[in-house]
>>> print(open('input17.cif').read())   # mmCIF, C-alpha atoms and all ligand atoms
data_target
loop_
_atom_site.label_atom_id
_atom_site.label_comp_id
_atom_site.auth_asym_id
_atom_site.auth_seq_id
_atom_site.Cartn_x
_atom_site.Cartn_y
_atom_site.Cartn_z
CA MET A 1 94.41 107.63 83.09
CA ASN A 2 97.42 105.38 82.80
CA ASP A 3 98.41 103.61 79.64
CA TYR A 4 97.02 100.08 79.80
CA SER A 5 96.72 99.70 76.04
CA HIS A 6 98.36 96.27 75.89
CA ILE A 7 96.25 94.88 78.72
CA GLN A 8 93.17 96.40 77.11
CA LYS A 9 93.86 94.51 73.86
CA GLN A 10 94.78 91.27 75.55
CA ASP A 11 92.81 90.83 78.74
CA GLU A 12 89.45 92.53 79.15
CA GLU A 13 88.80 91.18 82.63
CA VAL A 14 91.99 92.47 84.19
CA PHE A 15 91.58 95.72 82.26
CA ALA A 16 88.10 96.23 83.77
CA SER A 17 89.49 95.78 87.29
CA LEU A 18 92.29 98.24 86.63
CA LEU A 19 89.82 100.84 85.42
CA GLY A 20 87.63 100.24 88.45
CA GLU A 21 90.54 100.67 90.84
CA GLU A 22 91.67 103.84 89.01
CA THR A 23 88.22 105.36 89.55
CA ARG A 24 88.04 104.21 93.16
CA GLU A 25 91.40 105.76 94.00
CA ARG A 26 90.66 108.95 92.04
CA GLU A 27 87.20 109.62 93.50
CA GLY A 28 87.64 108.45 97.07
CA ILE A 29 89.49 109.67 100.12
CA GLU A 30 92.13 107.22 101.26
CA LEU A 31 92.60 107.27 104.99
CA ILE A 32 94.12 103.84 105.56
CA PRO A 33 97.33 104.95 107.31
CA SER A 34 99.43 102.22 105.70
CA GLU A 35 98.52 103.22 102.14
CA ASN A 36 99.81 105.92 99.86
CA TYR A 37 100.03 107.04 96.22
CA VAL A 38 103.41 106.38 94.63
CA SER A 39 104.92 108.48 91.88
CA LYS A 40 104.74 107.42 88.26
CA ALA A 41 108.51 107.00 88.37
CA VAL A 42 108.14 104.40 91.14
CA ARG A 43 105.42 102.63 89.16
CA GLU A 44 107.48 102.66 85.96
CA ALA A 45 110.37 101.01 87.79
CA ASN A 46 108.02 98.55 89.47
CA SER A 47 106.50 97.43 86.20
CA SER A 48 109.85 97.49 84.39
CA ILE A 49 111.93 95.02 82.43
CA PHE A 50 113.74 93.98 85.64
CA THR A 51 110.82 91.63 86.32
CA ASN A 52 112.42 89.33 83.74
CA LYS A 53 115.65 88.83 85.65
CA TYR A 54 116.73 86.17 88.14
CA SER A 55 119.28 87.57 90.58
CA GLU A 56 119.67 85.14 93.48
CA GLY A 57 122.46 86.31 95.75
CA TYR A 58 123.71 89.84 96.32
CA PRO A 59 125.51 92.45 94.16
CA GLY A 60 128.85 91.03 93.05
CA LYS A 61 127.91 87.56 94.41
CA ARG A 62 125.08 86.21 92.23
CA TYR A 63 124.25 82.68 91.17
CA TYR A 64 123.33 83.66 87.56
CA GLY A 65 125.03 85.70 84.86
CA GLY A 66 123.83 88.94 83.29
CA GLN A 67 123.82 90.98 86.49
CA PHE A 68 125.48 94.21 85.39
CA TYR A 69 122.35 96.36 85.66
CA THR A 70 120.69 94.52 88.53
CA ASP A 71 123.83 95.09 90.60
CA ILE A 72 123.70 98.80 89.78
CA VAL A 73 120.08 99.25 90.91
CA GLU A 74 120.42 97.09 94.01
CA ASN A 75 123.53 99.02 95.08
CA LEU A 76 121.72 102.29 94.42
CA ALA A 77 118.82 101.18 96.61
CA ILE A 78 121.22 100.06 99.37
CA ASP A 79 123.33 103.23 99.30
CA ARG A 80 120.30 105.52 99.31
CA ALA A 81 118.67 103.63 102.19
CA LYS A 82 121.93 103.84 104.19
CA GLN A 83 121.95 107.57 103.68
CA LEU A 84 118.26 108.00 104.52
CA PHE A 85 118.40 106.14 107.83
CA GLY A 86 122.04 106.40 108.91
CA ALA A 87 122.61 102.63 108.65
CA GLN A 88 125.90 100.97 107.74
CA PHE A 89 124.27 97.84 106.27
CA VAL A 90 121.00 97.41 104.39
CA ASN A 91 119.24 94.43 102.84
CA VAL A 92 116.63 95.58 100.30
CA GLN A 93 115.47 92.13 99.21
CA PRO A 94 112.61 91.25 101.62
CA HIS A 95 109.43 90.90 99.57
CA SER A 96 107.34 92.50 102.33
CA GLY A 97 107.38 93.80 105.89
CA ALA A 98 106.31 90.40 107.21
CA ASN A 99 109.21 88.73 105.38
CA ALA A 100 111.61 91.33 106.76
CA ASN A 101 110.49 90.51 110.30
CA ILE A 102 110.63 86.75 109.79
CA ALA A 103 114.13 86.96 108.28
CA MET A 104 115.23 89.24 111.15
CA TYR A 105 113.97 86.77 113.80
CA PHE A 106 115.74 83.84 112.16
CA ALA A 107 118.95 85.85 111.80
CA LEU A 108 119.10 86.90 115.45
CA LEU A 109 117.46 83.99 117.31
CA GLU A 110 117.52 80.24 117.82
CA PRO A 111 114.24 78.30 117.97
CA GLY A 112 112.77 78.61 121.47
CA ASP A 113 114.27 82.07 122.10
CA THR A 114 112.14 84.84 123.57
CA ILE A 115 111.02 88.15 122.05
CA LEU A 116 109.63 90.94 124.22
CA GLY A 117 107.21 93.02 122.16
CA MET A 118 104.21 95.30 122.59
CA ASP A 119 100.94 93.66 123.60
CA LEU A 120 99.11 93.08 120.33
CA SER A 121 95.93 94.73 121.56
CA HIS A 122 98.01 97.85 122.28
CA GLY A 123 99.21 98.23 118.69
CA GLY A 124 101.62 95.43 117.75
CA HIS A 125 101.57 93.75 114.32
CA LEU A 126 100.63 90.12 113.53
CA THR A 127 104.32 89.34 112.97
CA HIS A 128 105.07 90.50 116.51
CA GLY A 129 103.74 87.19 117.76
CA HIS A 130 100.05 86.80 117.05
CA PRO A 131 99.02 83.21 117.79
CA VAL A 132 97.68 82.78 114.23
CA THR A 133 101.23 83.06 112.83
CA TYR A 134 103.67 80.14 112.55
CA LEU A 135 106.21 82.30 114.35
CA THR A 136 104.61 81.44 117.68
CA LYS A 137 105.35 77.74 117.06
CA ILE A 138 109.05 78.57 116.89
CA PHE A 139 109.71 81.51 119.21
CA LYS A 140 108.29 82.61 122.54
CA PHE A 141 106.63 86.02 122.56
CA ILE A 142 106.09 87.95 125.78
CA ARG A 143 104.56 91.40 126.21
CA TYR A 144 104.86 94.91 127.52
CA LYS A 145 102.01 97.42 127.42
CA MET A 146 101.00 101.04 127.66
CA LYS A 147 100.83 102.18 131.28
CA ASP A 148 97.92 104.46 130.49
CA VAL A 149 95.89 104.06 127.29
CA GLU A 150 94.65 107.65 127.63
CA THR A 151 98.17 109.09 127.24
CA GLY A 152 99.93 106.26 125.44
CA GLU A 153 102.83 106.21 127.87
CA ILE A 154 104.62 102.89 127.66
CA ASP A 155 105.27 101.13 130.95
CA TYR A 156 109.07 101.10 130.77
CA ASP A 157 109.37 99.85 134.38
CA GLU A 158 107.23 96.85 133.49
CA MET A 159 109.30 96.36 130.32
CA ARG A 160 112.51 96.28 132.36
CA ALA A 161 111.10 93.98 135.04
CA THR A 162 109.80 91.56 132.38
CA ALA A 163 113.12 91.68 130.53
CA LEU A 164 115.12 90.96 133.70
CA GLU A 165 112.85 88.03 134.53
CA HIS A 166 112.57 86.39 131.09
CA LYS A 167 115.89 87.39 129.46
CA PRO A 168 114.53 87.94 125.92
CA LYS A 169 116.98 87.94 123.00
CA ILE A 170 115.09 90.75 121.23
CA ILE A 171 113.18 93.73 122.56
CA LEU A 172 110.92 94.85 119.76
CA ALA A 173 109.55 98.37 119.26
CA GLY A 174 107.39 99.72 116.44
CA TYR A 175 103.70 99.09 115.85
CA SER A 176 100.74 99.22 113.46
CA ALA A 177 98.28 101.10 115.63
CA TYR A 178 100.15 103.24 118.14
CA PRO A 179 100.27 106.98 117.45
CA ARG A 180 103.01 108.22 119.80
CA GLU A 181 106.79 108.64 119.90
CA LEU A 182 108.86 106.14 121.89
CA ASP A 183 111.71 106.53 124.32
CA TYR A 184 114.23 104.61 122.20
CA ALA A 185 117.14 105.31 124.55
CA LYS A 186 115.25 103.64 127.40
CA ILE A 187 114.28 100.63 125.28
CA ALA A 188 117.84 100.17 123.97
CA ALA A 189 119.27 100.47 127.49
CA ILE A 190 116.90 97.78 128.82
CA ALA A 191 117.67 95.51 125.84
CA HIS A 192 121.42 95.85 126.25
CA GLU A 193 121.22 95.42 130.04
CA VAL A 194 119.75 91.92 129.51
CA GLY A 195 121.92 91.05 126.50
CA ALA A 196 119.10 91.46 123.94
CA TYR A 197 119.07 93.18 120.57
CA ALA A 198 117.04 96.40 120.34
CA VAL A 199 114.99 96.08 117.16
CA MET A 200 112.57 98.61 115.69
CA ASP A 201 109.85 97.67 113.20
CA MET A 202 109.41 101.13 111.68
CA ALA A 203 107.04 99.94 108.92
CA HIS A 204 104.42 102.56 109.68
CA ILE A 205 106.64 105.54 110.32
CA ALA A 206 109.67 104.94 108.06
CA GLY A 207 108.76 107.99 105.95
CA LEU A 208 108.41 110.15 109.05
CA ILE A 209 111.84 109.05 110.28
CA ALA A 210 113.38 109.52 106.82
CA GLY A 211 111.74 112.95 106.64
CA GLY A 212 113.26 113.90 110.00
CA VAL A 213 109.96 114.55 111.80
CA MET A 214 110.09 111.52 114.08
CA LYS A 215 113.11 110.25 116.00
CA ASN A 216 115.52 107.79 114.40
CA PRO A 217 116.05 104.77 116.71
CA PHE A 218 119.62 104.38 115.41
CA ASP A 219 120.43 107.70 117.12
CA TYR A 220 119.47 106.11 120.45
CA GLY A 221 121.31 102.79 120.39
CA PHE A 222 119.06 100.49 118.34
CA ASP A 223 120.82 97.61 116.59
CA VAL A 224 118.44 96.71 113.76
CA MET A 225 115.38 98.14 112.02
CA THR A 226 112.89 96.40 109.76
CA THR A 227 110.39 98.18 107.57
CA THR A 228 108.00 98.17 104.69
CA THR A 229 108.70 100.55 101.83
CA HIS A 230 105.12 101.24 100.79
CA LYS A 231 103.53 103.16 103.67
CA THR A 232 104.74 106.62 104.73
CA LEU A 233 107.93 106.04 102.74
CA ARG A 234 105.79 106.14 99.57
CA GLY A 235 107.53 103.40 97.61
CA PRO A 236 106.62 100.06 96.06
CA ARG A 237 105.14 97.27 98.21
CA GLY A 238 108.15 95.64 99.81
CA GLY A 239 110.37 95.25 102.86
CA MET A 240 113.88 96.08 104.04
CA ILE A 241 116.20 95.35 106.98
CA LEU A 242 118.77 97.86 108.23
CA THR A 243 121.67 97.20 110.58
CA TYR A 244 123.21 100.14 112.41
CA ASN A 245 126.91 99.20 112.44
CA ASN A 246 127.53 95.56 113.31
CA PRO A 247 128.88 93.59 110.31
CA GLU A 248 128.28 90.22 112.02
CA ILE A 249 124.57 90.99 112.43
CA ALA A 250 124.37 92.24 108.84
CA LYS A 251 125.96 89.03 107.54
CA LYS A 252 123.44 86.92 109.46
CA ILE A 253 120.58 89.02 108.10
CA ASP A 254 121.76 88.62 104.50
CA LYS A 255 121.99 84.84 104.91
CA SER A 256 118.59 84.74 106.55
CA VAL A 257 116.85 86.69 103.75
CA PHE A 258 118.56 84.62 101.05
CA PRO A 259 118.84 81.64 100.99
CA GLY A 260 117.18 81.26 104.41
CA LEU A 261 113.73 82.58 103.62
CA GLN A 262 113.40 83.77 100.03
CA GLY A 263 114.46 82.81 96.53
CA GLY A 264 115.20 85.31 93.79
CA PRO A 265 114.75 88.98 94.68
CA LEU A 266 112.08 91.03 92.90
CA MET A 267 114.49 93.20 90.92
CA ASN A 268 111.70 95.36 89.48
CA THR A 269 110.59 96.16 93.04
CA ILE A 270 114.18 96.82 94.10
CA ALA A 271 114.54 99.27 91.19
CA ALA A 272 111.35 100.95 92.41
CA LYS A 273 112.76 101.05 95.97
CA ALA A 274 115.84 102.84 94.59
CA VAL A 275 113.60 105.42 92.89
CA CYS A 276 111.52 105.87 96.05
CA PHE A 277 114.61 106.33 98.24
CA GLY A 278 115.92 108.89 95.72
CA GLU A 279 112.65 110.81 96.14
CA ALA A 280 112.81 110.55 99.93
CA LEU A 281 116.31 112.05 99.94
CA LYS A 282 115.02 115.25 98.31
CA PRO A 283 114.30 118.27 100.56
CA SER A 284 110.65 118.20 99.40
CA PHE A 285 110.19 114.88 101.21
CA LYS A 286 110.93 116.60 104.53
CA THR A 287 108.12 119.05 103.78
CA TYR A 288 105.82 116.14 102.91
CA ALA A 289 106.64 114.37 106.18
CA ALA A 290 106.02 117.53 108.22
CA ARG A 291 102.65 118.03 106.48
CA ILE A 292 101.56 114.49 107.30
CA LEU A 293 101.93 115.35 110.99
CA GLU A 294 100.26 118.78 110.71
CA ASN A 295 97.35 117.20 108.88
CA ALA A 296 96.92 114.46 111.48
CA LYS A 297 96.91 117.17 114.18
CA ALA A 298 94.19 119.05 112.27
CA MET A 299 92.03 115.91 112.30
CA GLU A 300 92.81 115.34 115.98
CA THR A 301 91.61 118.87 116.81
CA VAL A 302 88.21 118.20 115.24
CA PHE A 303 87.80 114.82 116.95
CA LYS A 304 88.76 116.40 120.27
CA ALA A 305 86.31 119.27 119.82
CA LYS A 306 83.52 116.77 119.16
CA ASN A 307 84.48 114.73 122.22
CA ILE A 308 85.34 111.57 120.30
CA ARG A 309 87.66 109.45 122.38
CA MET A 310 91.04 108.86 120.77
CA LEU A 311 93.33 106.19 122.16
CA THR A 312 96.43 107.77 123.74
CA GLY A 313 94.48 111.06 123.71
CA GLY A 314 95.36 111.92 120.11
CA THR A 315 98.40 111.61 117.88
CA SER A 316 102.06 112.54 117.47
CA SER A 317 102.31 110.69 114.15
CA HIS A 318 100.36 110.05 110.97
CA LEU A 319 97.56 107.99 112.51
CA ILE A 320 94.62 108.22 114.87
CA LEU A 321 92.80 105.41 116.61
CA ALA A 322 89.28 106.50 117.60
CA ASP A 323 86.86 104.71 119.89
CA VAL A 324 83.70 105.17 117.81
CA PHE A 325 81.74 102.58 119.76
CA GLY A 326 82.38 104.25 123.10
CA SER A 327 81.83 107.75 121.71
CA LEU A 328 79.08 107.36 119.11
CA GLN A 329 77.63 103.88 119.71
CA VAL A 330 78.59 102.79 116.22
CA THR A 331 80.82 99.71 115.88
CA GLY A 332 84.12 99.75 114.01
CA LYS A 333 82.68 97.60 111.23
CA GLU A 334 79.56 99.75 110.88
CA ALA A 335 81.74 102.88 110.78
CA GLU A 336 84.02 101.35 108.13
CA ASN A 337 80.99 100.45 105.96
CA LEU A 338 79.23 103.77 106.44
CA LEU A 339 82.34 105.75 105.58
CA ASP A 340 82.99 103.52 102.58
CA SER A 341 79.49 104.39 101.33
CA VAL A 342 80.39 108.11 101.23
CA GLY A 343 83.80 107.56 99.60
CA ILE A 344 86.09 107.48 102.64
CA THR A 345 88.24 104.38 103.03
CA LEU A 346 89.68 103.41 106.40
CA ASN A 347 89.75 100.33 108.60
CA LYS A 348 88.01 99.08 111.68
CA ASN A 349 90.51 98.42 114.45
CA ALA A 350 90.57 96.87 117.89
CA ILE A 351 91.38 99.34 120.64
CA ALA A 352 93.32 98.59 123.82
CA ASP A 353 91.22 96.53 126.24
CA ASP A 354 88.43 96.37 123.64
CA VAL A 355 85.04 95.30 124.96
CA ARG A 356 84.14 94.00 121.47
CA GLY A 357 85.56 91.15 119.35
CA PRO A 358 88.27 91.52 116.65
CA MET A 359 85.88 91.10 113.68
CA ASP A 360 83.70 94.00 114.77
CA PRO A 361 85.78 96.00 117.24
CA SER A 362 85.14 99.37 118.89
CA GLY A 363 87.62 101.44 116.91
CA ILE A 364 88.57 102.88 113.56
CA ARG A 365 92.13 103.64 112.49
CA PHE A 366 92.86 106.36 109.97
CA GLY A 367 95.73 108.55 108.86
CA THR A 368 97.03 111.26 106.58
CA PRO A 369 99.90 109.91 104.38
CA ALA A 370 97.79 109.44 101.23
CA ILE A 371 95.67 112.60 101.46
CA THR A 372 98.82 114.61 102.17
CA THR A 373 100.37 113.21 98.98
CA ARG A 374 97.23 114.39 97.25
CA GLY A 375 97.94 117.92 98.45
CA PHE A 376 95.34 118.21 101.21
CA GLY A 377 96.33 120.79 103.82
CA THR A 378 95.09 121.30 107.36
CA LYS A 379 91.87 122.98 106.16
CA GLU A 380 90.87 120.05 103.95
CA CYS A 381 91.89 117.50 106.61
CA ALA A 382 89.80 119.25 109.25
CA ARG A 383 86.88 119.19 106.81
CA VAL A 384 87.35 115.47 106.17
CA ALA A 385 87.29 114.88 109.94
CA GLU A 386 84.03 116.84 110.20
CA LEU A 387 82.53 114.88 107.32
CA MET A 388 83.53 111.62 108.99
CA ILE A 389 81.77 112.59 112.20
CA ASP A 390 78.74 113.88 110.26
CA THR A 391 78.53 110.53 108.49
CA LEU A 392 78.66 108.58 111.73
CA THR A 393 76.12 110.78 113.49
CA ASN A 394 73.64 110.99 110.58
CA ARG A 395 73.75 107.36 109.61
CA GLU A 396 70.00 107.04 108.99
CA ASP A 397 69.75 110.22 106.92
CA LYS A 398 70.16 109.15 103.26
CA THR A 399 69.99 112.69 101.85
CA LYS A 400 72.69 113.90 104.23
CA LEU A 401 74.91 110.95 103.34
CA GLU A 402 74.47 111.69 99.63
CA GLU A 403 75.44 115.32 100.22
CA ILE A 404 78.56 114.20 102.07
CA HIS A 405 79.47 111.80 99.25
CA SER A 406 79.19 114.52 96.67
CA GLU A 407 81.34 116.90 98.75
CA ILE A 408 83.98 114.15 99.02
CA LYS A 409 83.96 113.70 95.24
CA SER A 410 84.39 117.45 94.69
CA LEU A 411 87.26 117.55 97.18
CA CYS A 412 88.97 114.72 95.31
CA GLU A 413 88.44 116.45 91.96
CA ALA A 414 90.07 119.59 93.36
CA PHE A 415 93.11 117.54 94.48
CA PRO A 416 93.99 115.04 91.74
CA ILE A 417 96.50 112.30 92.57
CA PRO A 418 99.88 113.69 91.45
CA ASP A 419 102.23 111.89 89.06
CA SER A 420 105.37 113.27 90.68
CA PHE A 421 106.38 115.20 93.76
CA THR A 422 109.32 117.35 92.75
C1 LIG B 501 104.40 97.37 112.01
C2 LIG B 501 104.23 96.49 110.81
N1 LIG B 501 105.15 95.54 110.55
C3 LIG B 501 105.04 94.73 109.48
C4 LIG B 501 103.98 94.83 108.61
C5 LIG B 501 103.86 93.82 107.49
O1 LIG B 501 104.07 94.36 106.24
P1 LIG B 501 103.58 93.60 104.92
O2 LIG B 501 102.11 93.73 104.86
O3 LIG B 501 104.33 94.28 103.82
O4 LIG B 501 104.00 92.17 105.06
C6 LIG B 501 103.02 95.81 108.82
C7 LIG B 501 101.90 95.93 107.87
O5 LIG B 501 100.84 96.37 108.12
C8 LIG B 501 103.14 96.65 109.96
O6 LIG B 501 102.22 97.58 110.23
#
>>> encode(input="input17.cif", output="structure tokens")
Amino acid sequence: MNDYSHIQKQDEEVFASLLGEETREREGIELIPSENYVSKAVREANSSIFTNKYSEGYPGKRYYGGQFYTDIVENLAIDRAKQLFGAQFVNVQPHSGANANIAMYFALLEPGDTILGMDLSHGGHLTHGHPVTYLTKIFKFIRYKMKDVETGEIDYDEMRATALEHKPKIILAGYSAYPRELDYAKIAAIAHEVGAYAVMDMAHIAGLIAGGVMKNPFDYGFDVMTTTTHKTLRGPRGGMILTYNNPEIAKKIDKSVFPGLQGGPLMNTIAAKAVCFGEALKPSFKTYAARILENAKAMETVFKAKNIRMLTGGTSSHLILADVFGSLQVTGKEAENLLDSVGITLNKNAIADDVRGPMDPSGIRFGTPAITTRGFGTKECARVAELMIDTLTNREDKTKLEEIHSEIKSLCEAFPIPDSFT
């Protein structure tokens, strides 16, 4: 257990919630592909004294005094991120992935400009132009899609034709629910042919790119990347924007993050980002990234053997999108609730061309970053996949579900959440 002694003395209600969450995380299997367990070092930095400090501006150019140490940690975070992703310019101040995307749009576009991104039902994120966001009041979003949802192949011919017709200013890659590699060279070539920026939102796979097990878009001509720092990268909740080599773009991005969108940076979070990037630069992070993929493949093998339909036919990344409604006649929401009841957390998810509505779609989305951090190997991941399918196929059998829950608890006891990864 962590030391919450001051909260315990001062605030019983918050203390009770912290204890509850500790137990939930300890005893349950976390399969939400955008979640992870951070090291104690990251948490120490995140809850550190830097939360007291106002640091509007950038290192060496702040609006307030007393910035000696904040400048050191922000520069450390920037330098480590540059090294991790091969970028010449990095802004580590975005409070979240959504903020990073919003700041990036306002840096690169004028109101009314067009963005060509993945169809949202094929894996794009809310900030890639969902009508519920304010972004769609300001910019015009148009779409490309997968050519074949059974293989995941993107329709690059359609992308090019749409780009030539609509002349977008950004072509956006990177998604929340798409499990395959992309042809970055093709996307960058199409973008540059029509005078657009090639931008990658690598939020989901930043850790896999940093760990060298998925391709780095900067190696294939991309101009800018946005990301979160809390998913596969295993850092604090936060965002970041990286520019490959163009100082003019980088300047616009800095102005857009602050003062354009945000106020004072969260210096405690930036210190935690620096710690996280330091961890990701270690050779052991490469091993971690490789295991995430192996573990996802082990789960894919079980789902395939049991004839459960997976969108794109499986995975080349950390996540799987399974059509549980089509395969097992259980809805995404029912599956999420059932699995929750046996100690497995994941999320319902719409699948491409879903026959059901977004609040109770046909799919579930799950992934291996958190269980891999916990030390699960391919054997344990295959077993988790079997237990998931057992749960969904024995949903009326209370005794069976109790047995599954107790096996999950034992598995979690055998693999405690680690404090550090070195
Ligand atoms: C691809 C992608 N971009 C951006 C975001 C937004 O990140 P945040 O929740 O930190 O705002 C997410 C989060 O799920 C994401 O998957």
>>> residues_around(input="input17.cif", residues="A:Gly60", least_positions_apart="4", cutoff="10 Å", atoms="only C-alpha atoms", output="PyMOL selection string")
chain A and resi 67-68+70-72+75
>>> closest_atom_pairs(input="input17.cif", of="chain A", to="ligand LIG 501 (chain B)", cutoff="10 Å", atoms="only C-alpha atoms and all ligand atoms", output="JSON lines")
{"residue": "A:Pro33", "atom": "CA", "partner": "B:LIG501", "partner_atom": "O5", "distance": 9.3}
{"residue": "A:Ser34", "atom": "CA", "partner": "B:LIG501", "partner_atom": "O5", "distance": 6.5}
{"residue": "A:Glu35", "atom": "CA", "partner": "B:LIG501", "partner_atom": "O5", "distance": 9.4}
{"residue": "A:Pro94", "atom": "CA", "partner": "B:LIG501", "partner_atom": "O3", "distance": 9.1}
{"residue": "A:His95", "atom": "CA", "partner": "B:LIG501", "partner_atom": "O3", "distance": 7.4}
{"residue": "A:Ser96", "atom": "CA", "partner": "B:LIG501", "partner_atom": "O3", "distance": 3.8}
{"residue": "A:Gly97", "atom": "CA", "partner": "B:LIG501", "partner_atom": "O1", "distance": 3.4}
{"residue": "A:Ala98", "atom": "CA", "partner": "B:LIG501", "partner_atom": "O4", "distance": 3.6}
{"residue": "A:Asn99", "atom": "CA", "partner": "B:LIG501", "partner_atom": "O4", "distance": 6.3}
{"residue": "A:Ala100", "atom": "CA", "partner": "B:LIG501", "partner_atom": "O4", "distance": 7.8}
{"residue": "A:Asn101", "atom": "CA", "partner": "B:LIG501", "partner_atom": "C3", "distance": 6.9}
{"residue": "A:Ile102", "atom": "CA", "partner": "B:LIG501", "partner_atom": "C3", "distance": 9.7}
{"residue": "A:Gly123", "atom": "CA", "partner": "B:LIG501", "partner_atom": "C1", "distance": 8.5}
{"residue": "A:Gly124", "atom": "CA", "partner": "B:LIG501", "partner_atom": "C1", "distance": 6.7}
{"residue": "A:His125", "atom": "CA", "partner": "B:LIG501", "partner_atom": "C1", "distance": 5.1}
{"residue": "A:Leu126", "atom": "CA", "partner": "B:LIG501", "partner_atom": "C3", "distance": 7.6}
{"residue": "A:Thr127", "atom": "CA", "partner": "B:LIG501", "partner_atom": "C3", "distance": 6.5}
{"residue": "A:His128", "atom": "CA", "partner": "B:LIG501", "partner_atom": "N1", "distance": 7.8}
{"residue": "A:Ala173", "atom": "CA", "partner": "B:LIG501", "partner_atom": "C1", "distance": 8.9}
{"residue": "A:Gly174", "atom": "CA", "partner": "B:LIG501", "partner_atom": "C1", "distance": 5.8}
{"residue": "A:Tyr175", "atom": "CA", "partner": "B:LIG501", "partner_atom": "C1", "distance": 4.3}
{"residue": "A:Ser176", "atom": "CA", "partner": "B:LIG501", "partner_atom": "O6", "distance": 3.9}
{"residue": "A:Ala177", "atom": "CA", "partner": "B:LIG501", "partner_atom": "O6", "distance": 7.6}
{"residue": "A:Tyr178", "atom": "CA", "partner": "B:LIG501", "partner_atom": "C1", "distance": 9.5}
{"residue": "A:Met200", "atom": "CA", "partner": "B:LIG501", "partner_atom": "C1", "distance": 9.0}
{"residue": "A:Asp201", "atom": "CA", "partner": "B:LIG501", "partner_atom": "C1", "distance": 5.6}
{"residue": "A:Met202", "atom": "CA", "partner": "B:LIG501", "partner_atom": "C1", "distance": 6.3}
{"residue": "A:Ala203", "atom": "CA", "partner": "B:LIG501", "partner_atom": "C1", "distance": 4.8}
{"residue": "A:His204", "atom": "CA", "partner": "B:LIG501", "partner_atom": "O6", "distance": 5.5}
{"residue": "A:Ile205", "atom": "CA", "partner": "B:LIG501", "partner_atom": "C1", "distance": 8.6}
{"residue": "A:Thr226", "atom": "CA", "partner": "B:LIG501", "partner_atom": "N1", "distance": 7.8}
{"residue": "A:Thr227", "atom": "CA", "partner": "B:LIG501", "partner_atom": "N1", "distance": 6.6}
{"residue": "A:Thr228", "atom": "CA", "partner": "B:LIG501", "partner_atom": "O3", "distance": 5.4}
{"residue": "A:Thr229", "atom": "CA", "partner": "B:LIG501", "partner_atom": "O3", "distance": 7.9}
{"residue": "A:His230", "atom": "CA", "partner": "B:LIG501", "partner_atom": "O3", "distance": 7.6}
{"residue": "A:Lys231", "atom": "CA", "partner": "B:LIG501", "partner_atom": "C7", "distance": 8.5}
{"residue": "A:Pro236", "atom": "CA", "partner": "B:LIG501", "partner_atom": "O3", "distance": 9.9}
{"residue": "A:Arg237", "atom": "CA", "partner": "B:LIG501", "partner_atom": "O3", "distance": 6.4}
{"residue": "A:Gly238", "atom": "CA", "partner": "B:LIG501", "partner_atom": "O3", "distance": 5.7}
{"residue": "A:Gly239", "atom": "CA", "partner": "B:LIG501", "partner_atom": "O3", "distance": 6.2}
{"residue": "A:Met240", "atom": "CA", "partner": "B:LIG501", "partner_atom": "O3", "distance": 9.7}
>>> atom_distance(input="input17.cif", atom1="atom CA of A:Leu208", atom2="atom CA of A:Phe85")
10.8 Å
>>> closest_residue(input="input17.cif", among="A:Gly129, A:Gly326, A:Gly28, A:Pro59", to="A:Asp254", atoms="all atoms listed in the file")
A:Pro59
>>> residues_around(input="input17.cif", residues="A:Ser327", least_positions_apart="5", cutoff="9 Å", atoms="all atoms listed in the file", output="compact mmCIF listing (two decimals) with C-alpha atoms, in the coordinates of the input")
# COMPACT_ATOMS: atom_id res chain seq x y z
CA ASN A 307 84.48 114.73 122.22
CA ILE A 308 85.34 111.57 120.30
CA ARG A 309 87.66 109.45 122.38
CA ALA A 322 89.28 106.50 117.60
>>> residues_near_point(input="input17.cif", point="(115.5, 88.1, 116.2)", cutoff="10 Å", atoms="all atoms listed in the file", output="ChimeraX atom specification")
/A:101-110,113-115,139,168-172,196-199,224,253
>>> atom_distance(input="input17.cif", atom1="atom CA of A:Glu158", atom2="atom CA of A:Glu181")
18.0 Å
>>> closest_residue(input="input17.cif", among="A:Thr136, A:Asn46, A:Thr151, A:Ser316", to="A:Glu294", atoms="only C-alpha atoms")
A:Ser316
>>> build_atoms(input="input17.cif", residues="stretch 27-32 of chain A", atoms="N, CA and C atoms", output="PDB file, in the coordinates of the input")
ATOM      1  N   GLU A  27      88.404 108.944  92.980  1.00  0.00           N
ATOM      2  CA  GLU A  27      87.200 109.620  93.500  1.00  0.00           C
ATOM      3  C   GLU A  27      87.005 109.473  95.000  1.00  0.00           C
ATOM      4  N   GLY A  28      87.842 108.697  95.643  1.00  0.00           N
ATOM      5  CA  GLY A  28      87.640 108.450  97.070  1.00  0.00           C
ATOM      6  C   GLY A  28      88.777 109.006  97.911  1.00  0.00           C
ATOM      7  N   ILE A  29      88.473 109.177  99.191  1.00  0.00           N
ATOM      8  CA  ILE A  29      89.490 109.670 100.120  1.00  0.00           C
ATOM      9  C   ILE A  29      90.114 108.489 100.841  1.00  0.00           C
ATOM     10  N   GLU A  30      91.415 108.369 100.695  1.00  0.00           N
ATOM     11  CA  GLU A  30      92.130 107.220 101.260  1.00  0.00           C
ATOM     12  C   GLU A  30      92.697 107.573 102.615  1.00  0.00           C
ATOM     13  N   LEU A  31      92.115 106.969 103.638  1.00  0.00           N
ATOM     14  CA  LEU A  31      92.600 107.270 104.990  1.00  0.00           C
ATOM     15  C   LEU A  31      93.266 106.073 105.670  1.00  0.00           C
ATOM     16  N   ILE A  32      93.417 104.969 104.940  1.00  0.00           N
ATOM     17  CA  ILE A  32      94.120 103.840 105.560  1.00  0.00           C
ATOM     18  C   ILE A  32      95.568 104.298 105.776  1.00  0.00           C
TER      19      ILE A  32
END
